[in-house]
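**Q** Take a look at start26.txt, compact mmCIF, C-alpha atoms:
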# COMPACT_ATOMS: atom_id res chain seq x y z
CA MET A 1 -60.49 121.09 63.49
CA SER A 2 -62.30 124.40 63.37
CA LEU A 3 -62.41 125.28 59.68
CA ILE A 4 -63.79 122.66 57.32
CA PRO A 5 -63.88 123.49 53.61
CA HIS A 6 -67.48 122.37 53.12
CA LYS A 7 -67.75 123.40 49.49
CA PRO A 8 -64.83 121.38 48.09
CA ILE A 9 -65.89 118.46 50.28
CA ARG A 10 -69.38 118.55 48.76
CA LEU A 11 -67.79 118.86 45.32
CA ALA A 12 -65.62 115.84 46.07
CA ARG A 13 -68.70 113.79 46.85
CA HIS A 14 -70.48 115.15 43.78
CA TYR A 15 -67.47 114.18 41.66
CA MET A 16 -67.57 110.64 43.08
CA ASP A 17 -71.36 110.42 42.54
CA HIS A 18 -70.83 111.09 38.85
CA ASN A 19 -67.59 109.22 38.23
CA TYR A 20 -67.67 106.16 40.48
CA THR A 21 -68.25 103.87 37.51
CA ALA A 22 -64.84 104.90 36.13
CA PRO A 23 -61.62 103.63 37.72
CA ILE A 24 -61.04 106.88 39.64
CA THR A 25 -58.85 107.00 42.72
CA ILE A 26 -58.69 109.26 45.78
CA GLU A 27 -55.82 111.07 44.03
CA ASP A 28 -58.18 111.93 41.16
CA VAL A 29 -60.76 113.24 43.61
CA SER A 30 -58.23 115.33 45.51
CA ARG A 31 -56.85 116.77 42.26
CA GLU A 32 -60.41 117.61 41.15
CA VAL A 33 -61.15 119.69 44.24
CA ALA A 34 -57.59 120.99 44.70
CA LEU A 35 -57.10 119.66 48.23
CA SER A 36 -54.27 117.42 49.37
CA PRO A 37 -55.35 113.77 49.71
CA TYR A 38 -54.58 113.85 53.42
CA TYR A 39 -56.60 117.02 54.02
CA LEU A 40 -59.45 115.77 51.81
CA ILE A 41 -59.71 112.46 53.67
CA ARG A 42 -59.61 114.14 57.07
CA SER A 43 -62.21 116.80 56.20
CA PHE A 44 -64.47 114.40 54.30
CA ARG A 45 -64.52 112.05 57.26
CA HIS A 46 -65.35 114.91 59.57
CA VAL A 47 -68.33 115.98 57.44
CA TYR A 48 -69.68 112.62 56.24
CA ARG A 49 -68.39 110.26 58.99
CA GLN A 50 -66.72 108.02 56.44
CA THR A 51 -63.64 108.36 54.26
CA PRO A 52 -63.93 109.18 50.55
CA HIS A 53 -62.66 105.67 49.86
CA GLN A 54 -65.41 104.11 52.00
CA TYR A 55 -67.98 106.28 50.20
CA LEU A 56 -66.66 105.22 46.79
CA VAL A 57 -66.64 101.53 47.75
CA GLU A 58 -70.20 101.80 49.10
CA LYS A 59 -71.47 103.35 45.86
CA ARG A 60 -69.64 100.83 43.68
CA ILE A 61 -70.82 97.80 45.63
CA ALA A 62 -74.41 99.09 45.70
CA ARG A 63 -74.29 99.53 41.91
CA ALA A 64 -72.68 96.10 41.49
CA LYS A 65 -75.53 94.56 43.53
CA GLU A 66 -78.09 96.31 41.34
CA LEU A 67 -76.39 94.98 38.20
CA LEU A 68 -76.05 91.47 39.64
CA ARG A 69 -79.78 91.40 40.43
CA ASN A 70 -81.09 93.08 37.35
CA SER A 71 -78.72 92.63 34.44
CA GLU A 72 -77.35 89.81 32.33
CA LEU A 73 -73.81 91.19 32.53
CA SER A 74 -71.08 88.77 33.55
CA ILE A 75 -69.31 89.34 36.85
CA THR A 76 -66.19 90.46 34.96
CA GLU A 77 -68.29 93.00 33.02
CA ILE A 78 -69.89 94.24 36.26
CA CYS A 79 -66.46 94.56 37.87
CA VAL A 80 -65.39 96.87 35.03
CA ALA A 81 -68.76 98.69 34.98
CA VAL A 82 -68.33 99.80 38.59
CA GLY A 83 -64.78 101.05 38.16
CA TYR A 84 -62.59 98.10 39.14
CA GLU A 85 -59.86 96.71 36.97
CA SER A 86 -59.07 93.46 38.73
CA LEU A 87 -61.73 90.79 39.16
CA GLY A 88 -59.85 89.37 42.12
CA SER A 89 -59.82 92.58 44.13
CA PHE A 90 -63.45 93.34 43.17
CA SER A 91 -64.63 89.91 44.37
CA THR A 92 -62.66 90.18 47.61
CA LEU A 93 -64.04 93.63 48.29
CA PHE A 94 -67.59 92.58 47.40
CA ARG A 95 -67.39 89.63 49.76
CA LYS A 96 -66.03 91.85 52.51
CA VAL A 97 -68.87 94.40 52.16
CA ALA A 98 -71.81 92.15 51.21
CA GLY A 99 -70.79 89.09 53.21
CA ILE A 100 -71.13 86.77 50.18
CA SER A 101 -69.45 86.45 46.81
CA PRO A 102 -70.86 88.24 43.74
CA SER A 103 -71.98 84.94 42.20
CA SER A 104 -73.77 83.79 45.38
CA TYR A 105 -75.41 87.19 45.63
CA ARG A 106 -76.70 86.83 42.08
CA ILE A 107 -78.08 83.34 42.73
CA ASN A 108 -79.70 84.30 46.04
CA SER A 109 -81.41 87.55 45.09
CA GLN A 110 -84.49 88.36 43.06
CA PRO A 111 -84.48 90.92 40.23
CA THR A 112 -85.93 94.24 41.35
CA LEU A 113 -86.18 95.89 37.97
CA THR A 114 -89.29 95.46 35.84
CA PRO A 115 -88.27 96.89 32.47
CA GLY A 116 -90.98 97.38 29.91
CA TYR A 117 -93.85 96.80 32.28
CA ILE A 118 -96.44 99.50 32.92
CA PRO A 119 -99.48 98.47 35.01
CA LEU A 120 -102.67 98.34 32.95
CA CYS A 121 -104.47 100.86 35.19
CA VAL A 122 -101.71 103.38 34.37
CA CYS A 123 -101.97 102.52 30.66
CA LEU A 124 -105.71 103.18 30.78
CA LEU A 125 -105.28 106.38 32.78
CA HIS A 126 -102.74 107.72 30.30
CA GLY A 127 -104.43 106.39 27.20
CA LEU A 128 -101.52 104.11 26.27
CA GLU A 129 -102.70 101.60 23.69
CA ASN A 130 -99.43 100.17 22.50
CA GLN A 131 -97.08 97.96 24.38
CA PRO A 132 -94.57 100.17 26.18
CA GLU A 133 -91.08 100.33 24.73
CA LEU A 134 -87.87 100.44 26.70
CA MET B 135 -107.39 87.63 47.83
CA ILE B 136 -105.26 90.71 47.54
CA ASN B 137 -101.78 89.91 48.81
CA ARG B 138 -99.69 93.02 48.92
CA LEU B 139 -98.99 96.51 47.63
CA SER B 140 -96.60 96.62 44.69
CA VAL B 141 -96.52 100.21 43.42
CA ALA B 142 -97.40 103.47 45.18
CA THR B 143 -97.56 106.87 43.49
CA ILE B 144 -95.60 109.98 44.42
CA TRP B 145 -96.50 113.11 42.45
CA VAL B 146 -93.40 115.04 41.41
CA LYS B 147 -92.86 118.36 39.68
CA ASP B 148 -89.98 117.20 37.47
CA GLN B 149 -89.19 113.53 36.93
CA ASN B 150 -85.48 114.03 36.25
CA GLU B 151 -84.98 116.16 39.35
CA ALA B 152 -87.08 113.79 41.45
CA LEU B 153 -85.06 110.83 40.23
CA ARG B 154 -81.83 112.55 41.24
CA PHE B 155 -83.28 113.45 44.64
CA TYR B 156 -84.54 109.93 45.38
CA THR B 157 -81.43 108.11 44.15
CA GLU B 158 -78.62 110.49 45.08
CA LYS B 159 -80.01 112.06 48.25
CA LEU B 160 -82.32 109.43 49.73
CA GLY B 161 -80.44 106.36 48.45
CA PHE B 162 -83.21 104.68 46.46
CA GLU B 163 -82.42 102.59 43.38
CA ILE B 164 -84.02 103.03 40.00
CA ARG B 165 -86.45 100.23 39.13
CA ALA B 166 -88.05 101.15 35.81
CA ASP B 167 -87.70 103.93 33.27
CA VAL B 168 -89.99 103.24 30.35
CA LYS B 169 -91.27 105.65 27.73
CA ASN B 170 -94.47 105.37 25.77
CA GLY B 171 -95.01 108.48 23.67
CA ASP B 172 -95.01 111.42 26.08
CA PHE B 173 -95.62 109.18 29.06
CA ARG B 174 -92.69 108.11 31.18
CA TRP B 175 -93.12 105.28 33.66
CA LEU B 176 -90.41 105.96 36.22
CA THR B 177 -90.14 104.00 39.44
CA VAL B 178 -87.67 103.77 42.32
CA GLY B 179 -87.39 101.46 45.29
CA LEU B 180 -85.37 100.53 48.32
CA GLU B 181 -82.82 97.75 48.00
CA SER B 182 -84.03 96.40 51.35
CA GLN B 183 -87.63 96.19 50.11
CA PRO B 184 -87.59 94.67 46.62
CA GLU B 185 -91.34 94.00 46.48
CA ILE B 186 -92.45 97.65 46.58
CA GLU B 187 -91.71 100.41 44.10
CA PHE B 188 -92.72 104.04 43.93
CA GLN B 189 -93.92 105.64 40.76
CA LEU B 190 -92.54 109.18 40.35
CA SER B 191 -95.57 110.50 38.51
CA ALA B 192 -95.18 113.74 36.56
CA LEU B 193 -97.30 116.71 37.65
CA LYS B 194 -98.00 118.06 34.20
CA PRO B 195 -100.99 118.21 31.92
CA SER B 196 -101.41 114.86 30.21
CA HIS B 197 -104.01 112.41 29.01
CA ALA B 198 -104.72 111.71 32.69
CA LEU B 199 -104.55 115.26 34.05
CA SER B 200 -106.18 118.39 32.63
CA GLN B 201 -104.27 121.66 33.00
CA GLU B 202 -106.62 122.54 35.85
CA ASP B 203 -106.11 119.16 37.60
CA ALA B 204 -102.35 119.46 37.22
CA ASP B 205 -102.35 123.02 38.59
CA GLN B 206 -104.46 122.07 41.59
CA LEU B 207 -102.42 118.99 42.37
CA THR B 208 -99.16 120.95 42.00
CA LYS B 209 -100.47 123.52 44.48
CA LEU B 210 -101.27 120.81 47.00
CA VAL B 211 -97.85 119.15 46.62
CA GLU B 212 -96.00 122.48 46.84
CA ALA B 213 -97.96 123.39 49.97
CA GLY B 214 -96.92 120.09 51.59
CA LYS B 215 -100.50 118.86 51.71
CA LEU B 216 -99.66 115.58 50.01
CA GLY B 217 -96.99 113.06 50.67
CA ILE B 218 -96.28 109.45 51.14
CA GLY B 219 -96.27 108.08 54.64
CA PRO B 220 -93.44 107.32 57.00
CA TRP B 221 -90.18 105.78 55.83
CA LYS B 222 -89.01 103.37 58.52
CA THR B 223 -85.45 103.33 59.81
CA ASP B 224 -83.59 101.49 62.59
CA ASP B 225 -81.61 104.63 63.33
CA CYS B 226 -83.53 107.90 63.00
CA GLN B 227 -80.70 110.10 64.30
CA GLY B 228 -78.02 108.50 62.10
CA THR B 229 -80.21 108.54 58.98
CA TYR B 230 -81.22 112.13 59.73
CA GLU B 231 -77.54 113.09 59.83
CA THR B 232 -76.71 111.20 56.64
CA LEU B 233 -79.65 112.65 54.72
CA SER B 234 -78.92 116.16 56.05
CA ALA B 235 -75.33 115.80 54.85
CA ASN B 236 -76.76 114.75 51.46
CA GLY B 237 -78.63 118.05 51.32
CA VAL B 238 -82.10 116.91 52.43
CA GLU B 239 -83.81 119.70 54.35
CA PHE B 240 -85.64 118.67 57.48
CA LEU B 241 -88.61 120.58 58.90
CA GLN B 242 -88.04 118.88 62.23
CA PRO B 243 -85.08 116.91 63.63
CA PRO B 244 -85.59 113.53 65.33
CA THR B 245 -88.22 113.99 68.03
CA ASP B 246 -89.71 111.65 70.62
CA ARG B 247 -93.32 110.94 69.82
CA PRO B 248 -96.04 109.05 71.71
CA TYR B 249 -96.32 105.25 71.37
CA GLY B 250 -92.55 104.69 71.32
CA ILE B 251 -91.68 106.35 68.04
CA ILE B 252 -88.90 108.77 67.08
CA GLU B 253 -89.77 110.85 64.04
CA ALA B 254 -88.08 113.45 61.86
CA VAL B 255 -89.97 115.42 59.21
CA PHE B 256 -88.73 116.38 55.75
CA LYS B 257 -90.00 117.21 52.29
CA ASP B 258 -88.84 115.83 48.98
CA ASN B 259 -87.73 118.29 46.29
CA SER B 260 -91.30 118.59 44.96
CA GLY B 261 -92.79 119.38 48.37
CA ASN B 262 -94.16 115.97 49.38
CA LEU B 263 -94.25 115.75 53.16
CA MET B 264 -92.63 112.68 54.68
CA VAL B 265 -91.35 111.39 57.98
CA LEU B 266 -88.44 109.22 58.97
CA ALA B 267 -89.73 106.94 61.73
CA GLN B 268 -87.99 104.64 64.18
CA ASP B 269 -89.69 102.26 66.62
CA LYS B 270 -87.94 102.65 69.96
CA SER B 271 -88.54 99.14 71.26
Represent the structure from my file as structure tokens, please.
**A**
Amino acid sequence: MSLIPHKPIRLARHYMDHNYTAPITIEDVSREVALSPYYLIRSFRHVYRQTPHQYLVEKRIARAKELLRNSELSITEICVAVGYESLGSFSTLFRKVAGISPSSYRINSQPTLTPGYIPLCVCLLHGLENQPEL
Amino acid sequence: MINRLSVATIWVKDQNEALRFYTEKLGFEIRADVKNGDFRWLTVGLESQPEIEFQLSALKPSHALSQEDADQLTKLVEAGKLGIGPWKTDDCQGTYETLSANGVEFLQPPTDRPYGIIEAVFKDNSGNLMVLAQDKS
């Protein structure tokens, strides 16, 4: 393949970066950048070494992990929040990528988000007297 | 005794743009985004290293920085005189290719270095100088 349409391929990834939390499909992406799904998949894989679908799954599962660690959302709510409509297919996919189920992942991982907390040295440096707000 | 590092500071020219760079291009996750008046406590971290986060600290005049301080610090960052150390990877070449495809500009591609290390050099979108380092053993 000699000519790769780099610009629409970058746009395709950009579109996925901004819309992966919605239930978009590869058809939506290919419509957005006006390339046929087949051509999009082939070119995307050539440039990024993974298919658009793999990229989308990776982003969604990474976001799901973040929400499982750091939010109080139920697994069904997280499934919807990362663009999946069926809890069954989300759980299967999650297990396939992460190696454990969403609920085991939640139990076995520590929160990584520290909302509301600003270290006291930073408060002093910036003259913050009040408790930080979210 | 002191046990470990929890937060390190990276000076950035624009917090929104830095956040996009670190999350979308380098693959960090957002850890905290807290406002207190004009001050914004914004941190990111690596999923694989939950115990450390990086404060994306705004390079603008504030309670902590006079206009002169901010100007001087901005000059140093822009000139690539400041930065935060090496990011470790198990696959320097692969990560270099992924980050390049994400639009990260490298000053030097993966290069063999003494003491069994492969390193590639890049800057973040503020100008902070960083390396991607892999132990060969």
**Q** Between B:Ser191, B:Thr232, B:Leu210, B:Pro220, which has the minimum distance to chain A (counting all atoms listed in the file)?
**A** B:Thr232
**Q** Env of Phe256 of chain B: 12 Å cut, atoms = only C-alpha atoms, seq-sep filter 2 positions within chain, self excluded. Answer as a compact mmCIF listing (two decimals) with C-alpha atoms, in the coordinates of the input.
**A**
# COMPACT_ATOMS: atom_id res chain seq x y z
CA LEU B 160 -82.32 109.43 49.73
CA GLY B 214 -96.92 120.09 51.59
CA GLY B 217 -96.99 113.06 50.67
CA ILE B 218 -96.28 109.45 51.14
CA GLY B 219 -96.27 108.08 54.64
CA PRO B 220 -93.44 107.32 57.00
CA TRP B 221 -90.18 105.78 55.83
CA TYR B 230 -81.22 112.13 59.73
CA LEU B 233 -79.65 112.65 54.72
CA SER B 234 -78.92 116.16 56.05
CA GLY B 237 -78.63 118.05 51.32
CA VAL B 238 -82.10 116.91 52.43
CA GLU B 239 -83.81 119.70 54.35
CA PHE B 240 -85.64 118.67 57.48
CA LEU B 241 -88.61 120.58 58.90
CA GLN B 242 -88.04 118.88 62.23
CA PRO B 243 -85.08 116.91 63.63
CA PRO B 244 -85.59 113.53 65.33
CA GLU B 253 -89.77 110.85 64.04
CA ALA B 254 -88.08 113.45 61.86
CA ASP B 258 -88.84 115.83 48.98
CA ASN B 259 -87.73 118.29 46.29
CA SER B 260 -91.30 118.59 44.96
CA GLY B 261 -92.79 119.38 48.37
CA ASN B 262 -94.16 115.97 49.38
CA LEU B 263 -94.25 115.75 53.16
CA MET B 264 -92.63 112.68 54.68
CA VAL B 265 -91.35 111.39 57.98
CA LEU B 266 -88.44 109.22 58.97
CA ALA B 267 -89.73 106.94 61.73
**Q** Given all atoms listed in the file as the basis, pick out the residue of B:Asn137, B:Thr157, B:Ser196, B:Gln268 nearest to chain A.
**A**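 Ranking B:Asn137, B:Thr157, B:Ser196, B:Gln268 by distance to chain A, first place goes to B:Ser196.
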**Q** Which neighbours of Ser91 of chain A fall inside 12 Å, counting only C-alpha atoms, when residues of the same chain fewer than 2 positions from it are skipped, and could you give them as a PyMOL selection string?
**A** chain A and resi 61+64-65+75-76+78-80+84-89+93-105
**Q** Can you work out the spacing between atom CA of Asp28 of chain A and atom CA of Tyr156 of chain B in Å, to one decimal?
**A** 26.8 Å
**Q** For a cut-off of 12 Å around (-80.2, 86.0, 33.3), file coordinates, pick out all residues using all atoms listed in the file and list them as an NGL selection string.
**A** :A and (67-75 or 106-107 or 109-111)
**Q** Which of these residues is nearest to Leu199 of chain B, using all atoms listed in the file: B:Glu185, B:Asp269, B:Phe173, B:Val178?
**A**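 That would be B:Phe173, the residue with the smallest distance to Leu199 of chain B.
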**Q** Would you compute the distance between atom CA of His126 of chain A and atom CA of Asp205 of chain B? Give it in Å to one decimal.
**A**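 These atoms are spaced 17.4 Å apart.
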**Q** What is the atom CA of Glu66 of chain A to atom CA of Glu187 of chain B distance in Å?
**A**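 Distance reported for this atom pair: 14.5 Å.
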**Q** Taking a cut-off of 6 Å and counting all atoms listed in the file, can you build a table that, for each residue of chain B near chain A, reports the nearest atom pair and how far apart they are in Å (one decimal), sorted by chain then residue number, as CSV?
**A**
residue,atom,partner,partner_atom,distance
B:Arg165,CA,A:Leu113,CA,4.5
B:Ala166,CA,A:Pro115,CA,5.4
B:Val168,CA,A:Leu134,CA,5.1
B:Asn170,CA,A:Pro132,CA,5.2
B:Pro184,CA,A:Thr112,CA,5.5
B:His197,CA,A:His126,CA,5.0
B:Ala198,CA,A:His126,CA,5.1
**Q** Could those selected residues go to a file with C-alpha atoms, as a PDB file, in the coordinates of the input?
**A**
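Here's the written file part07.pdb:
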ATOM      1  CA  ARG B 165     -86.450 100.230  39.130  1.00  0.00           C
ATOM      2  CA  ALA B 166     -88.050 101.150  35.810  1.00  0.00           C
ATOM      3  CA  VAL B 168     -89.990 103.240  30.350  1.00  0.00           C
ATOM      4  CA  ASN B 170     -94.470 105.370  25.770  1.00  0.00           C
ATOM      5  CA  PRO B 184     -87.590  94.670  46.620  1.00  0.00           C
ATOM      6  CA  HIS B 197    -104.010 112.410  29.010  1.00  0.00           C
ATOM      7  CA  ALA B 198    -104.720 111.710  32.690  1.00  0.00           C
TER       8      ALA B 198
END
**Q** Given 8 Å of margin on each side, can you work out the centre and size in Å (one decimal) of an axis-aligned box holding every listed atom of segment 68-80 of chain A, as JSON?
**A**
{"center_x": -73.2, "center_y": 92.8, "center_z": 36.4, "size_x": 31.7, "size_y": 24.1, "size_z": 24.1}
**Q** Using all atoms listed in the file, can you tell me which of B:Leu176, B:Ile164, B:Ala192, B:Ala235 comes closest to Lys147 of chain B?
**A** B:Ala192
**Q** Scan for residues within 8 Å of the point (-99.9, 110.5, 42.1) in the coordinates of the file, using all atoms listed in the file, and reply as a ChimeraX atom specification.
**A** /B:143-146,189-192
**Q** Take the residues from that selection and put them in a file with C-alpha atoms, as an mmCIF file, in the coordinates of the input.
**A**
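Dumped to part_18.cif:
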data_model
loop_
_atom_site.group_PDB
_atom_site.id
_atom_site.type_symbol
_atom_site.label_atom_id
_atom_site.label_comp_id
_atom_site.auth_asym_id
_atom_site.auth_seq_id
_atom_site.Cartn_x
_atom_site.Cartn_y
_atom_site.Cartn_z
ATOM 1 C CA THR B 143 -97.560 106.870 43.490
ATOM 2 C CA ILE B 144 -95.600 109.980 44.420
ATOM 3 C CA TRP B 145 -96.500 113.110 42.450
ATOM 4 C CA VAL B 146 -93.400 115.040 41.410
ATOM 5 C CA GLN B 189 -93.920 105.640 40.760
ATOM 6 C CA LEU B 190 -92.540 109.180 40.350
ATOM 7 C CA SER B 191 -95.570 110.500 38.510
ATOM 8 C CA ALA B 192 -95.180 113.740 36.560
#
**Q** Can you sort out segment 158-180 of chain B so it carries N, CA, C and O atoms, written as an mmCIF file, in the frame of the given file?
**A**
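File part-v5.cif, as written:
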data_model
loop_
_atom_site.group_PDB
_atom_site.id
_atom_site.type_symbol
_atom_site.label_atom_id
_atom_site.label_comp_id
_atom_site.auth_asym_id
_atom_site.auth_seq_id
_atom_site.Cartn_x
_atom_site.Cartn_y
_atom_site.Cartn_z
ATOM 1 N N GLU B 158 -79.880 109.947 44.544
ATOM 2 C CA GLU B 158 -78.620 110.490 45.080
ATOM 3 C C GLU B 158 -78.752 110.967 46.517
ATOM 4 O O GLU B 158 -77.795 110.886 47.282
ATOM 5 N N LYS B 159 -79.889 111.520 46.898
ATOM 6 C CA LYS B 159 -80.010 112.060 48.250
ATOM 7 C C LYS B 159 -80.628 111.076 49.234
ATOM 8 O O LYS B 159 -80.204 110.994 50.379
ATOM 9 N N LEU B 160 -81.663 110.354 48.794
ATOM 10 C CA LEU B 160 -82.320 109.430 49.730
ATOM 11 C C LEU B 160 -81.778 108.000 49.632
ATOM 12 O O LEU B 160 -82.048 107.183 50.501
ATOM 13 N N GLY B 161 -81.038 107.696 48.557
ATOM 14 C CA GLY B 161 -80.440 106.360 48.450
ATOM 15 C C GLY B 161 -81.342 105.281 47.869
ATOM 16 O O GLY B 161 -81.098 104.098 48.067
ATOM 17 N N PHE B 162 -82.379 105.674 47.130
ATOM 18 C CA PHE B 162 -83.210 104.680 46.460
ATOM 19 C C PHE B 162 -82.492 104.192 45.209
ATOM 20 O O PHE B 162 -81.557 104.817 44.729
ATOM 21 N N GLU B 163 -82.961 103.063 44.660
ATOM 22 C CA GLU B 163 -82.420 102.590 43.380
ATOM 23 C C GLU B 163 -83.505 102.729 42.322
ATOM 24 O O GLU B 163 -84.698 102.709 42.630
ATOM 25 N N ILE B 164 -83.049 102.900 41.085
ATOM 26 C CA ILE B 164 -84.020 103.030 40.000
ATOM 27 C C ILE B 164 -84.544 101.632 39.655
ATOM 28 O O ILE B 164 -83.805 100.663 39.669
ATOM 29 N N ARG B 165 -85.857 101.538 39.422
ATOM 30 C CA ARG B 165 -86.450 100.230 39.130
ATOM 31 C C ARG B 165 -86.939 100.140 37.681
ATOM 32 O O ARG B 165 -86.814 99.122 37.042
ATOM 33 N N ALA B 166 -87.564 101.193 37.188
ATOM 34 C CA ALA B 166 -88.050 101.150 35.810
ATOM 35 C C ALA B 166 -88.019 102.560 35.231
ATOM 36 O O ALA B 166 -88.263 103.536 35.946
ATOM 37 N N ASP B 167 -87.677 102.644 33.965
ATOM 38 C CA ASP B 167 -87.700 103.930 33.270
ATOM 39 C C ASP B 167 -88.129 103.612 31.832
ATOM 40 O O ASP B 167 -87.321 103.263 30.995
ATOM 41 N N VAL B 168 -89.424 103.688 31.611
ATOM 42 C CA VAL B 168 -89.990 103.240 30.350
ATOM 43 C C VAL B 168 -90.760 104.387 29.708
ATOM 44 O O VAL B 168 -91.522 105.074 30.389
ATOM 45 N N LYS B 169 -90.533 104.582 28.411
ATOM 46 C CA LYS B 169 -91.270 105.650 27.730
ATOM 47 C C LYS B 169 -92.315 105.066 26.803
ATOM 48 O O LYS B 169 -92.107 104.037 26.169
ATOM 49 N N ASN B 170 -93.446 105.730 26.740
ATOM 50 C CA ASN B 170 -94.470 105.370 25.770
ATOM 51 C C ASN B 170 -95.057 106.693 25.287
ATOM 52 O O ASN B 170 -95.855 107.315 25.986
ATOM 53 N N GLY B 171 -94.623 107.148 24.131
ATOM 54 C CA GLY B 171 -95.010 108.480 23.670
ATOM 55 C C GLY B 171 -94.495 109.512 24.653
ATOM 56 O O GLY B 171 -93.328 109.496 25.013
ATOM 57 N N ASP B 172 -95.404 110.388 25.126
ATOM 58 C CA ASP B 172 -95.010 111.420 26.080
ATOM 59 C C ASP B 172 -94.992 110.900 27.517
ATOM 60 O O ASP B 172 -94.572 111.598 28.426
ATOM 61 N N PHE B 173 -95.518 109.694 27.691
ATOM 62 C CA PHE B 173 -95.620 109.180 29.060
ATOM 63 C C PHE B 173 -94.335 108.466 29.459
ATOM 64 O O PHE B 173 -93.759 107.697 28.690
ATOM 65 N N ARG B 174 -93.894 108.759 30.671
ATOM 66 C CA ARG B 174 -92.690 108.110 31.180
ATOM 67 C C ARG B 174 -93.009 107.411 32.492
ATOM 68 O O ARG B 174 -93.386 108.053 33.468
ATOM 69 N N TRP B 175 -92.896 106.110 32.464
ATOM 70 C CA TRP B 175 -93.120 105.280 33.660
ATOM 71 C C TRP B 175 -91.780 105.161 34.381
ATOM 72 O O TRP B 175 -90.873 104.488 33.914
ATOM 73 N N LEU B 176 -91.686 105.881 35.502
ATOM 74 C CA LEU B 176 -90.410 105.960 36.220
ATOM 75 C C LEU B 176 -90.644 105.506 37.647
ATOM 76 O O LEU B 176 -91.475 106.079 38.362
ATOM 77 N N THR B 177 -89.952 104.459 38.061
ATOM 78 C CA THR B 177 -90.140 104.000 39.440
ATOM 79 C C THR B 177 -88.801 103.828 40.149
ATOM 80 O O THR B 177 -87.773 103.573 39.523
ATOM 81 N N VAL B 178 -88.849 103.987 41.466
ATOM 82 C CA VAL B 178 -87.670 103.770 42.320
ATOM 83 C C VAL B 178 -88.079 102.859 43.466
ATOM 84 O O VAL B 178 -89.263 102.667 43.728
ATOM 85 N N GLY B 179 -87.083 102.322 44.150
ATOM 86 C CA GLY B 179 -87.390 101.460 45.290
ATOM 87 C C GLY B 179 -86.204 101.376 46.217
ATOM 88 O O GLY B 179 -85.129 101.897 45.920
ATOM 89 N N LEU B 180 -86.435 100.723 47.349
ATOM 90 C CA LEU B 180 -85.370 100.530 48.320
ATOM 91 C C LEU B 180 -84.771 99.142 48.118
ATOM 92 O O LEU B 180 -85.517 98.176 47.942
#
